>>> print(open('final01.txt').read())   # compact mmCIF, C-alpha atoms and all ligand atoms
# COMPACT_ATOMS: atom_id res chain seq x y z
CA MET A 347 10.19 -136.59 -54.85
CA SER A 348 13.89 -137.23 -54.24
CA ILE A 349 16.08 -139.81 -52.54
CA LEU A 350 18.26 -137.84 -50.13
CA PRO A 351 21.78 -138.76 -48.96
CA ILE A 352 21.79 -140.29 -45.46
CA LEU A 353 24.49 -139.06 -43.08
CA HIS A 354 26.76 -141.81 -41.74
CA TYR A 355 28.17 -142.01 -38.21
CA PRO A 356 30.46 -140.45 -36.97
CA ASP A 357 29.42 -137.42 -39.07
CA GLU A 358 29.20 -134.55 -36.56
CA ARG A 359 25.98 -133.26 -38.20
CA LEU A 360 24.19 -136.29 -36.67
CA HIS A 361 24.73 -134.64 -33.28
CA THR A 362 22.73 -131.51 -34.18
CA LYS A 363 19.62 -130.87 -32.05
CA ALA A 364 16.65 -130.45 -34.40
CA LYS A 365 14.42 -127.35 -34.19
CA PRO A 366 10.60 -127.45 -33.87
CA VAL A 367 8.49 -127.09 -37.03
CA THR A 368 6.63 -123.75 -36.91
CA ALA A 369 4.08 -124.49 -39.67
CA VAL A 370 3.09 -127.70 -41.50
CA ASP A 371 3.37 -126.09 -44.94
CA ASP A 372 4.38 -127.18 -48.45
CA SER A 373 8.08 -127.21 -47.55
CA ILE A 374 7.42 -129.68 -44.72
CA ARG A 375 5.16 -131.79 -46.96
CA LYS A 376 7.98 -131.93 -49.56
CA LEU A 377 10.52 -132.87 -46.87
CA VAL A 378 8.21 -135.67 -45.63
CA ALA A 379 7.73 -136.98 -49.18
CA ASP A 380 11.49 -137.01 -49.80
CA MET A 381 12.18 -138.64 -46.41
CA ALA A 382 9.59 -141.34 -47.10
CA GLU A 383 11.09 -142.10 -50.52
CA THR A 384 14.55 -142.19 -48.96
CA MET A 385 13.39 -144.51 -46.16
CA TYR A 386 11.62 -146.97 -48.48
CA ALA A 387 14.63 -147.02 -50.84
CA ALA A 388 17.17 -147.68 -48.05
CA PRO A 389 15.19 -149.83 -47.02
CA GLY A 390 14.29 -148.95 -43.50
CA ILE A 391 11.26 -148.69 -41.23
CA GLY A 392 12.01 -145.25 -39.88
CA LEU A 393 13.96 -142.09 -40.67
CA ALA A 394 14.54 -138.82 -38.81
CA ALA A 395 15.10 -135.52 -40.65
CA THR A 396 18.46 -135.21 -38.87
CA GLN A 397 19.70 -138.21 -40.86
CA VAL A 398 19.20 -136.34 -44.13
CA ASP A 399 20.87 -133.21 -42.74
CA MET A 400 17.57 -131.36 -42.23
CA HIS A 401 17.50 -130.27 -38.60
CA LEU A 402 13.75 -130.06 -38.03
CA ARG A 403 11.64 -132.21 -35.67
CA VAL A 404 10.19 -134.52 -38.33
CA ILE A 405 10.09 -138.34 -38.33
CA VAL A 406 8.66 -140.79 -40.88
CA MET A 407 8.01 -144.47 -40.13
CA ASP A 408 6.36 -147.49 -41.71
CA ILE A 409 6.50 -150.85 -39.93
CA SER A 410 3.85 -152.45 -42.19
CA GLU A 411 4.67 -155.58 -44.20
CA THR A 412 3.18 -153.91 -47.27
CA HIS A 413 5.18 -150.67 -46.89
CA ASP A 414 2.07 -148.56 -47.47
CA GLN A 415 1.24 -147.32 -43.95
CA LEU A 416 3.40 -144.19 -43.64
CA LEU A 417 3.29 -142.49 -40.24
CA THR A 418 4.55 -138.90 -40.02
CA LEU A 419 5.39 -137.41 -36.61
CA ILE A 420 6.02 -133.66 -36.44
CA ASN A 421 7.27 -132.08 -33.19
CA PRO A 422 6.85 -135.40 -31.31
CA VAL A 423 6.90 -135.35 -27.48
CA ILE A 424 6.95 -138.45 -25.25
CA ILE A 425 4.44 -137.66 -22.48
CA LYS A 426 4.65 -141.01 -20.68
CA ALA A 427 7.21 -143.83 -20.60
CA GLU A 428 6.85 -147.08 -18.65
CA GLY A 429 8.81 -150.28 -18.14
CA LYS A 430 11.99 -151.47 -19.78
CA ALA A 431 12.60 -153.63 -22.84
CA GLU A 432 15.79 -154.66 -24.62
CA ARG A 433 15.80 -155.11 -28.39
CA GLU A 434 18.49 -155.41 -31.08
CA GLU A 435 18.64 -152.21 -33.09
CA GLY A 436 20.15 -151.13 -36.38
CA CYS A 437 20.39 -147.69 -37.95
CA LEU A 438 20.57 -146.39 -41.51
CA SER A 439 23.29 -144.02 -40.31
CA VAL A 440 25.38 -146.89 -38.93
CA PRO A 441 25.03 -149.56 -41.65
CA GLY A 442 25.91 -153.14 -40.72
CA ILE A 443 25.95 -152.58 -36.96
CA TYR A 444 23.29 -154.29 -34.82
CA GLU A 445 23.44 -154.10 -31.04
CA PRO A 446 20.95 -154.54 -28.15
CA VAL A 447 19.54 -151.34 -26.63
CA THR A 448 17.27 -151.04 -23.58
CA ARG A 449 14.44 -148.52 -23.88
CA ALA A 450 11.02 -147.84 -22.34
CA ALA A 451 8.66 -150.76 -23.00
CA ARG A 452 5.58 -148.57 -23.47
CA ILE A 453 5.31 -144.88 -24.38
CA MET A 454 2.60 -142.30 -24.95
CA VAL A 455 3.60 -139.82 -27.66
CA LYS A 456 1.97 -136.56 -28.76
CA TYR A 457 2.73 -135.12 -32.20
CA LEU A 458 1.33 -133.26 -35.20
CA ASN A 459 0.37 -135.44 -38.17
CA ILE A 460 0.92 -134.44 -41.83
CA GLU A 461 -2.39 -132.54 -41.76
CA GLY A 462 -1.11 -130.49 -38.83
CA LYS A 463 -3.60 -132.18 -36.45
CA GLU A 464 -2.50 -133.02 -32.90
CA VAL A 465 -2.45 -136.78 -32.21
CA THR A 466 -1.75 -138.63 -28.95
CA GLN A 467 -1.10 -142.36 -29.14
CA GLU A 468 0.34 -145.21 -27.12
CA ALA A 469 3.12 -147.31 -28.64
CA GLU A 470 4.98 -150.45 -27.63
CA GLY A 471 6.93 -153.20 -29.39
CA LEU A 472 8.65 -152.35 -32.68
CA ILE A 473 6.78 -149.08 -33.25
CA GLY A 474 7.58 -147.95 -29.71
CA VAL A 475 11.26 -148.73 -30.18
CA CYS A 476 11.33 -147.02 -33.57
CA ILE A 477 9.71 -143.83 -32.22
CA GLN A 478 12.25 -143.67 -29.37
CA HIS A 479 15.13 -144.39 -31.77
CA GLU A 480 14.01 -141.65 -34.19
CA MET A 481 13.37 -139.14 -31.39
CA ASP A 482 16.93 -139.74 -30.20
CA HIS A 483 18.08 -138.70 -33.68
CA LEU A 484 16.16 -135.41 -33.30
CA GLU A 485 18.11 -134.85 -30.07
CA GLY A 486 21.38 -135.50 -31.92
CA LYS A 487 21.84 -138.96 -30.34
CA VAL A 488 22.80 -142.10 -32.31
CA PHE A 489 21.95 -145.55 -30.83
CA VAL A 490 25.63 -146.58 -30.57
CA GLU A 491 25.97 -143.99 -27.78
CA TYR A 492 24.14 -146.45 -25.49
CA LEU A 493 27.03 -148.92 -25.95
CA SER A 494 30.34 -149.07 -24.06
CA ARG A 495 33.08 -146.58 -24.92
CA LEU A 496 35.13 -149.51 -26.23
CA LYS A 497 32.38 -150.62 -28.62
CA GLN A 498 31.71 -147.03 -29.72
CA GLY A 499 35.41 -146.59 -30.52
CA ARG A 500 35.53 -149.81 -32.53
CA ILE A 501 32.39 -148.85 -34.49
CA LYS A 502 33.74 -145.34 -35.16
CA LEU A 503 37.00 -146.81 -36.54
CA LYS A 504 35.07 -149.34 -38.67
CA MET A 505 32.81 -146.62 -40.14
CA LYS A 506 35.76 -144.30 -40.83
CA LYS A 507 37.64 -147.15 -42.59
CA ARG A 508 34.56 -147.95 -44.66
CA ALA A 509 34.15 -144.26 -45.61
CA ARG A 510 37.79 -144.13 -46.79
CA GLU A 511 37.33 -147.28 -48.87
CA THR A 512 34.28 -145.84 -50.65
CA MET A 513 35.93 -142.51 -51.52
O1 LIG A 601 16.86 -144.40 -37.67
C1 LIG A 601 17.03 -145.25 -38.50
O2 LIG A 601 18.14 -145.46 -38.99
C2 LIG A 601 15.88 -146.10 -38.92
C3 LIG A 601 15.94 -147.46 -38.33
C4 LIG A 601 14.70 -147.59 -37.51
C5 LIG A 601 14.77 -148.58 -36.41
C6 LIG A 601 15.88 -148.72 -35.60
C7 LIG A 601 15.87 -149.63 -34.57
C8 LIG A 601 14.76 -150.40 -34.33
C9 LIG A 601 13.66 -150.26 -35.13
C10 LIG A 601 13.67 -149.35 -36.16
C11 LIG A 601 16.14 -148.32 -39.55
O3 LIG A 601 14.96 -148.63 -40.15
S1 LIG A 601 17.17 -149.67 -39.21
C12 LIG A 601 16.64 -150.99 -40.09
C13 LIG A 601 15.72 -151.87 -39.29
C14 LIG A 601 14.74 -152.51 -39.95
C15 LIG A 601 13.89 -153.35 -39.25
C16 LIG A 601 14.03 -153.54 -37.89
C17 LIG A 601 15.03 -152.89 -37.24
C18 LIG A 601 15.89 -152.04 -37.94
ZN ZN A 602 18.88 -144.51 -36.71
>>> encode(input="final01.txt", output="structure tokens")
Amino acid sequence: MSILPILHYPDERLHTKAKPVTAVDDSIRKLVADMAETMYAAPGIGLAATQVDMHLRVIVMDISETHDQLLTLINPVIIKAEGKAEREEGCLSVPGIYEPVTRAARIMVKYLNIEGKEVTQEAEGLIGVCIQHEMDHLEGKVFVEYLSRLKQGRIKLKMKKRARETM
């Protein structure tokens, strides 16, 4: 397994729309293993393939306290979304920035698991927010795009300054 580099906003590659997985094969299982190692090392509770410059519809998540409950979502589709809920969000691609985002309070999501089996499950709270956040990444959307233009501009400048300082 490998720890993969995570793209940082405003890297244009974060705005790539991910393509569906056509077969849950060894290459996908290797990608999932590398994404999981990368997520745990960050540390984070979710990671989309887009963030490691792999533009396939794959998400890994683990919101457990013990960091041993990995959830893999392949070709996820939200089939129902209800209510509204605001929550402060962060993002491994926008380190150090935390801002409130309003999303659906409850969702029903259909996806393929790591065995290639179709699963449909309801999600709310932190897992619901994380799934919506990660699925945005697969669409090429970063959570700061829900903020005002002014805030987005300030964050972009801050991230570009930080990138220059670490060169
Ligand atoms: O996409 C990512 O960068 C992963 C996020 C997942 C996430 C974002 C917002 C809300 C929940 C999950 C990272 O894990 S950000 C780190 C983090 C950790 C705990 C709670 C919230 C954010
Ligand atoms: Zn993110």
>>> closest_residue(input="final01.txt", among="A:Val475, A:Val367, A:Ala379, A:Leu416", to="A:Ile453", atoms="only C-alpha atoms")
A:Val475
>>> residues_around(input="final01.txt", residues="stretch 480-489 of chain A", least_positions_apart="4", cutoff="7 Å", atoms="all atoms listed in the file", output="ChimeraX atom specification")
/A:360-364,393-394,396,403,405,476
>>> closest_residue(input="final01.txt", among="A:Gly499, A:Pro351, A:Gly436, A:Pro441", to="ligand LIG 601 (chain A)", atoms="only C-alpha atoms and all ligand atoms")
A:Gly436
>>> closest_residue(input="final01.txt", among="A:Cys437, A:Gly429, A:Asp357, A:Met385", to="A:Lys506", atoms="only C-alpha atoms")
A:Asp357
>>> closest_residue(input="final01.txt", among="A:Lys497, A:Glu464, A:Gly442, A:Gly471", to="A:Lys430", atoms="all atoms listed in the file")
A:Gly471
>>> closest_residue(input="final01.txt", among="A:Ala451, A:Met407, A:Ala431, A:Ile424", to="ligand ZN 602 (chain A)", atoms="all atoms listed in the file")
A:Met407
>>> closest_residue(input="final01.txt", among="A:Leu402, A:Met505, A:Leu496, A:Ile477", to="A:Ser439", atoms="all atoms listed in the file")
A:Met505
